[in-house]
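I have placed the structure first, in the form of structure tokens, so that the comments after it can refer back to it.
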Amino acid sequence: QSFRTTAERVHHLSAAMAAEGLAPGDRVAILATDSIEHVEILLACLRSGVVFCDLNFRLRPVELDNIMERARVRAVFHSARYGDEAQRLADDHGCRRWCLDDDLDALIATGERYPAPPVSLARGEDLVSIAFTSGTTGTPKGVMQSERMLRNIVYSGIREIDIRPGGFRYSGASLFHISGIGSILYAIAGGCGSLVLEQFDAPTVLDWMRDGGLTHCTLIPTMIASLLALPGARDSAYPAMRSIMYGGAAITPALLRDLIATFDCDLYNGFGAGTEAGGQTMLSAADHRRAMHGAEHLLGSIGLPILGVDLRLCDDDLRDVAPGEIGEIVTRSETIMSGYLDQPELTAHSIVDGWFRAGDMAYMDDEGYLYLATRKADMIIRGGENVYPNEIESVLAEHPAVASAAVVGVPDDHWGEIVGAAVVLRDGHSIDVEELRTFCRSHIASYKVPEVVRIVSALPTNPTGKVIKDELGPL
């Protein structure tokens with residue numbers, strides 16, 4: 001679909017949304033896998049000042065209900081695949097709904113009869129998106145993303161990964177991720193085409209890389225491993241490929257070497273608290289080339305602070321740590337969120353005098369390159385998805401047989417990390433592990449469900465009763 005056609009459809013769609021009573025500042029939810037129509041909804045919201053709340057389609061009904069209520073959603077756009085759930089949400093929360101597969105063309109046709117609202121009503125701190133991410137206490141956090149934030153994320157992306165007109169880009173990140181939205185906006189602003197697939201499919205993506213003229217990709221390490229595992233992948237030529245950006249989870253040096261040897265293109269490692277603070281550091285293409293010519297230690301680095309980002313490594317009191325010591329990554333930039341929806345105390349803790357506390361721990365070498373050490377909140381990254389242990393621990397604790405639980409990340413060759421749980425049962429109770437996992441599935445998304453569960457007699461604790469997860473032992 002051409003830029004011209006897309007612009008016309010978005011113009012009419014924004015007019016139709018206004019005619020249907022959606023005013024600037026109103027919130028709409030999107031429950032869909034990726035598609036051109038999904039992109040059109042996002043662009044129409046940005047054009048008309050309507051705030052979009054892109055939902056993770058893997059969330060359970062109770063999680064979706066929480067988001068719908070807190071975001072005060074007035075309408076739901078959905079794909080046919082999630083029609084039943086969208087109808088339930090519309091009924092339960094008293095809002096409109098439109099199906100991307102059945103209703104969107106008619107809605108656009110309706111919009112042809114009305115003048116479109118002024119372009120880009122949102123400015124500066126005006127809200128354009130609410131992105132919900134699981135909180136460390138199990139309560140979803142609504143990240144308020146402003147026009148200023150999204151605009152500067154686009155500027156930063158174009159600059160840092162050298163986006164130029166004429167390219168053809170693909171991002172493996174879903175559109176409910178800031179990385180997925182950002183990749184589309186980078187391409188539009190930079191004059192590039194975009195490949196939009198419903199969901200990542202390794203054989204399809206490899207075909208586009210090999211024969212479809214794809215020039216740039218953004219992938220998480222799990223996707224890279226899936227591509228390289230396909231028959232013939234390592235023996236093929238990829239003459240059109242110019243760059244691959246990876247991130248979202250840890251990558252092993254061995255996988256990185258295979259990536260370099262197979263695709264022979266520029267590589268970028270992007271790191272950041274994307275949803276809340278955009279990109280923070282980048283290991284550039286030049287850094288990768290340097291690493292392959294002797295400075296191999298750089299392959300373990302997340303790079304240098306990107307242009308426009310002030311970065312410090314701090315202790316718990318936000319005092320700078322000494323050179324070489326591990327500290328919390330704290331940044332100040334124009335890509336930081338406006339705050340957490342209806343959570344002023346959490347916002348005040350996370351943004352202090354304009355500095356955002358990422359919760360990630362790192363150290364810096366003599367050249368200024370950063371290396372991740374650990375995560376302050378013990379966050380698990382499973383195949384690019386952030387999983388917060390306390391959320392799962394809260395669900396496990398609701399089971400009548402469970403006295404307490406501790407959730408940690410377990411190393412995994414494919415996913416990077418998977419979810420593991422040590423569970424203490426109440427006196428006189430017994431339970432089958434699969435029953436416990438089934439219970440979790442009814443409350444949380446499948447990727448959050450513990451894949452490894454060990455029943456233990458007690459959890460190791462310090463004198464104050466806090467669980468010492470480092471002493472849990474192997475799961």
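Letters for chains follow the order of the structure tokens (A, B, ...), residue numbers begin at 1 for each chain, and ligand numbers begin at 1 in the order shown.
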
Item to check | All strand (DSSP E or B) positions in segment 164-407 of chain A, as a PyMOL selection string | outcome: chain A and resi 168-171+193-195+216-219+243-246+266-271+281-283+303-305+310-314+320+327-332+339-340+351-352+355-364+370-375+380-382+385-387+402-407

Next on the checklist: For segment 361-364 of chain A, find every residue with an atom within 10 Å (counting only C-alpha atoms), except residues of its own chain fewer than 5 positions away, and show them as JSON, numbers by chain.
Outcome noted: {"A": [301, 302, 303, 304, 312, 313, 314, 315, 321, 322, 323, 324, 325, 326, 327, 328, 329, 330, 369, 370, 371, 372, 373, 374, 375, 376, 377]}

Would you tabulate, counting only C-alpha atoms, all residues of segment 193-243 of chain A that have an atom at most 10 Å from an atom of segment 382-389 of chain A, showing the closest pair of atoms and their distance in Å to one decimal, sorted by chain then ascending number, as a Markdown table?
```
| residue | atom | partner | partner_atom | distance |
| --- | --- | --- | --- | --- |
| A:Leu219 | CA | A:Gly384 | CA | 9.3 |
| A:Ile220 | CA | A:Gly384 | CA | 6.2 |
| A:Pro221 | CA | A:Gly383 | CA | 7.4 |
| A:Thr222 | CA | A:Gly383 | CA | 5.7 |
| A:Met223 | CA | A:Gly383 | CA | 8.3 |
```

Keeping N, CA and C atoms for every residue in the selection just given, could you write it to a file as a tab-separated table (two decimals), in the first residue's frame?
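See result-v9.tsv below for the written result:
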```
chain	number	residue	atom	x	y	z
A	219	LEU	N	15.08	-7.08	15.41
A	219	LEU	CA	14.74	-8.42	15.89
A	219	LEU	C	15.23	-8.60	17.32
A	220	ILE	N	14.56	-9.48	18.07
A	220	ILE	CA	15.08	-9.88	19.36
A	220	ILE	C	15.90	-11.16	19.16
A	221	PRO	N	16.81	-11.47	20.08
A	221	PRO	CA	17.69	-12.62	19.89
A	221	PRO	C	16.97	-13.94	19.63
A	222	THR	N	15.82	-14.16	20.26
A	222	THR	CA	15.06	-15.38	20.01
A	222	THR	C	14.69	-15.51	18.54
A	223	MET	N	14.30	-14.41	17.92
A	223	MET	CA	13.95	-14.42	16.50
A	223	MET	C	15.18	-14.71	15.64
```

Checklist entry - Out of segment 15-242 of chain A, which residues get helix (DSSP H, G or I) from DSSP, as number ranges by chain? => result A: 15-19, 36-48, 61-71, 80-93, 104-111, 147-160, 178-190, 202-211, 221-228, 233-235

Item to check | Using only C-alpha atoms: which of A:Leu298, A:Ile163, A:Asp207, A:His38 has the shortest distance to Gly180 of chain A | outcome: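 When distances to Gly180 of chain A are compared using only C-alpha atoms, the smallest one comes from A:His38.
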
Checklist entry - For the atom pair atom CA of His12 of chain A and atom CA of Ile30 of chain A, what is the interatomic distance in Å to one decimal place? => result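 About the pair atom CA of His12 of chain A and atom CA of Ile30 of chain A: they are 18.5 Å apart.
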
Next on the checklist: Which residues are close to Phe52 of chain A, i.e. within 9 Å by only C-alpha atoms, leaving aside same-chain residues fewer than 2 positions away? Reply as a VMD selection string.
Outcome noted: chain A and resid 26 to 30 41 to 42 45 to 46 50 54 128 to 131

Would you write out those residues with all heavy atoms, as a CSV table (one decimal), in the first residue's frame?
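Output saved as part_9.csv:
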```csv
chain,number,residue,atom,x,y,z
A,26,ASP,N,-9.8,11.6,24.0
A,26,ASP,CA,-10.6,10.4,24.3
A,26,ASP,C,-9.6,9.2,24.1
A,26,ASP,O,-8.7,9.3,23.3
A,26,ASP,CB,-11.8,10.3,23.4
A,26,ASP,CG,-12.9,11.2,23.8
A,26,ASP,OD1,-12.9,11.6,24.9
A,26,ASP,OD2,-13.8,11.4,22.9
A,27,ARG,N,-9.9,8.1,24.8
A,27,ARG,CA,-9.0,6.9,24.7
A,27,ARG,C,-9.7,5.8,23.9
A,27,ARG,O,-10.9,5.5,24.1
A,27,ARG,CB,-8.7,6.4,26.1
A,27,ARG,CG,-7.7,7.3,26.8
A,27,ARG,CD,-8.4,8.4,27.6
A,27,ARG,NE,-7.5,9.3,28.3
A,27,ARG,CZ,-7.1,9.1,29.6
A,27,ARG,NH1,-7.5,8.1,30.3
A,27,ARG,NH2,-6.3,10.0,30.1
A,28,VAL,N,-9.0,5.2,23.0
A,28,VAL,CA,-9.4,4.0,22.2
A,28,VAL,C,-8.4,2.9,22.5
A,28,VAL,O,-7.2,3.1,22.6
A,28,VAL,CB,-9.6,4.3,20.7
A,28,VAL,CG1,-10.6,5.4,20.5
A,28,VAL,CG2,-8.3,4.5,20.1
A,29,ALA,N,-9.0,1.7,22.6
A,29,ALA,CA,-8.1,0.5,22.7
A,29,ALA,C,-8.0,-0.2,21.4
A,29,ALA,O,-8.9,-0.1,20.5
A,29,ALA,CB,-8.7,-0.4,23.8
A,30,ILE,N,-6.9,-0.9,21.2
A,30,ILE,CA,-6.7,-1.7,20.0
A,30,ILE,C,-6.3,-3.1,20.4
A,30,ILE,O,-5.3,-3.3,21.1
A,30,ILE,CB,-5.6,-1.1,19.0
A,30,ILE,CG1,-5.9,0.4,18.8
A,30,ILE,CG2,-5.5,-1.9,17.7
A,30,ILE,CD1,-4.7,1.1,18.1
A,41,ILE,N,-5.0,2.7,12.1
A,41,ILE,CA,-5.7,3.2,13.3
A,41,ILE,C,-4.7,4.0,14.2
A,41,ILE,O,-5.1,5.1,14.7
A,41,ILE,CB,-6.2,2.0,14.2
A,41,ILE,CG1,-7.3,1.3,13.4
A,41,ILE,CG2,-6.7,2.5,15.5
A,41,ILE,CD1,-8.6,2.0,13.2
A,42,LEU,N,-3.5,3.6,14.3
A,42,LEU,CA,-2.5,4.3,15.1
A,42,LEU,C,-2.3,5.7,14.5
A,42,LEU,O,-2.2,6.7,15.2
A,42,LEU,CB,-1.2,3.5,15.1
A,42,LEU,CG,-1.2,2.2,15.9
A,42,LEU,CD1,0.1,1.5,15.8
A,42,LEU,CD2,-1.5,2.5,17.4
A,45,CYS,N,-5.2,8.0,15.0
A,45,CYS,CA,-5.2,8.6,16.4
A,45,CYS,C,-4.2,9.7,16.5
A,45,CYS,O,-4.5,10.8,17.1
A,45,CYS,CB,-4.9,7.5,17.4
A,45,CYS,SG,-6.3,6.2,17.6
A,46,LEU,N,-3.0,9.5,16.0
A,46,LEU,CA,-2.0,10.5,16.1
A,46,LEU,C,-2.4,11.8,15.3
A,46,LEU,O,-2.2,12.9,15.7
A,46,LEU,CB,-0.7,10.0,15.5
A,46,LEU,CG,0.0,9.0,16.4
A,46,LEU,CD1,1.2,8.4,15.6
A,46,LEU,CD2,0.6,9.6,17.7
A,50,VAL,N,-6.7,11.7,19.3
A,50,VAL,CA,-7.3,10.6,20.1
A,50,VAL,C,-6.1,9.8,20.7
A,50,VAL,O,-5.1,9.5,20.0
A,50,VAL,CB,-8.2,9.7,19.2
A,50,VAL,CG1,-8.6,8.5,20.0
A,50,VAL,CG2,-9.4,10.6,18.8
A,54,ASP,N,-2.8,0.5,22.9
A,54,ASP,CA,-2.6,-0.7,22.2
A,54,ASP,C,-2.4,-1.9,23.2
A,54,ASP,O,-1.5,-1.9,24.0
A,54,ASP,CB,-1.4,-0.6,21.3
A,54,ASP,CG,-1.6,-1.3,19.9
A,54,ASP,OD1,-2.2,-2.3,19.9
A,54,ASP,OD2,-1.1,-0.7,18.9
A,128,VAL,N,-0.6,11.1,23.8
A,128,VAL,CA,-0.9,10.5,22.6
A,128,VAL,C,-1.1,9.0,22.8
A,128,VAL,O,-1.8,8.3,22.0
A,128,VAL,CB,0.1,10.7,21.5
A,128,VAL,CG1,0.2,12.2,21.1
A,128,VAL,CG2,1.5,10.1,21.8
A,129,SER,N,-0.6,8.4,23.8
A,129,SER,CA,-0.7,7.0,24.0
A,129,SER,C,-0.6,6.6,25.5
A,129,SER,O,0.1,7.3,26.3
A,129,SER,CB,0.5,6.2,23.3
A,129,SER,OG,0.5,4.8,23.6
A,130,ILE,N,-1.3,5.6,25.9
A,130,ILE,CA,-1.1,5.0,27.3
A,130,ILE,C,-0.7,3.5,27.0
A,130,ILE,O,-1.5,2.7,26.5
A,130,ILE,CB,-2.4,5.0,28.1
A,130,ILE,CG1,-2.9,6.5,28.2
A,130,ILE,CG2,-2.1,4.5,29.5
A,130,ILE,CD1,-4.2,6.6,28.9
A,131,ALA,N,0.5,3.2,27.4
A,131,ALA,CA,1.0,1.8,27.2
A,131,ALA,C,1.1,1.2,28.6
A,131,ALA,O,1.8,1.6,29.5
A,131,ALA,CB,2.4,1.9,26.6
```

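Distances from A:Gly232, A:Gly213, A:Pro61, A:Gly274 to Arg88 of chain A were compared using only C-alpha atoms, and the smallest one belongs to A:Pro61.
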
Item to check | Shell of 9 Å around Arg454 of chain A, only C-alpha atoms, local chain residues under 6 positions omitted, as a list of chain:residue names | outcome: A:Gly420, A:Ala421, A:Ala422, A:Val423, A:Val424, A:Val433, A:Leu475

Next on the checklist: Give me, as a ChimeraX atom specification, all polymer residues having an atom no more than 7 Å from segment 110-112 of chain A, counting only C-alpha atoms and skipping those fewer than 2 positions away in the same chain.
Outcome noted: /A:12-13,15-16,106-108,114

Selection from above, C-alpha atoms, as a PDB file, in the first residue's frame, can you write it?
```pdb
ATOM      1  CA  HIS A  12     -10.915   9.845   6.116  1.00  0.00           C
ATOM      2  CA  LEU A  13     -10.611   7.575   9.144  1.00  0.00           C
ATOM      3  CA  ALA A  15     -12.811  12.332  10.056  1.00  0.00           C
ATOM      4  CA  ALA A  16     -15.025   9.309  10.715  1.00  0.00           C
ATOM      5  CA  ALA A 106     -17.097   1.251   5.820  1.00  0.00           C
ATOM      6  CA  LEU A 107     -15.920   3.619   8.524  1.00  0.00           C
ATOM      7  CA  ILE A 108     -13.390   5.156   6.136  1.00  0.00           C
ATOM      8  CA  TYR A 114     -16.895  14.808   6.582  1.00  0.00           C
TER       9      TYR A 114
END
```

Checklist entry - Separation of atom CA of Arg9 of chain A and atom CA of Gln199 of chain A, in Å? => result 23.2 Å

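The environment of Phe271 of chain A within 6 Å, counting only C-alpha atoms and disregarding residues fewer than 2 places along the same chain, consists of Gly279, Gln280 and Thr281 of chain A.
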
Selection: 8 Å around segment 72-84 of chain A, only C-alpha atoms, excl. self and same-chain fewer than 2 positions, as a CSV table (one decimal) with C-alpha atoms, in the first residue's frame:
```csv
chain,number,residue,atom,x,y,z
A,22,LEU,CA,-14.3,10.6,19.5
A,26,ASP,CA,-10.6,10.4,24.3
A,27,ARG,CA,-9.0,6.9,24.7
A,28,VAL,CA,-9.4,4.0,22.2
A,29,ALA,CA,-8.1,0.5,22.7
A,30,ILE,CA,-6.7,-1.7,20.0
A,31,LEU,CA,-6.9,-5.5,20.4
A,32,ALA,CA,-5.3,-7.0,17.3
A,33,THR,CA,-2.3,-8.6,15.8
A,68,MET,CA,-10.1,-0.8,30.1
A,69,GLU,CA,-11.3,0.5,33.4
A,70,ARG,CA,-8.2,2.4,34.3
A,86,ALA,CA,-13.8,-7.4,22.0
A,87,GLN,CA,-17.6,-7.8,22.2
A,88,ARG,CA,-17.4,-8.7,25.8
A,90,ALA,CA,-17.5,-3.4,24.8
A,93,HIS,CA,-17.3,-1.4,29.8
A,94,GLY,CA,-20.0,0.4,27.8
A,95,CYS,CA,-18.0,1.4,24.8
A,96,ARG,CA,-18.1,1.3,21.0
A,97,ARG,CA,-16.3,-1.3,18.9
A,98,TRP,CA,-15.2,-1.7,15.3
A,99,CYS,CA,-13.7,-4.7,13.6
A,100,LEU,CA,-10.6,-4.0,11.5
A,101,ASP,CA,-11.5,-6.8,9.1
A,102,ASP,CA,-15.3,-6.0,8.7
```
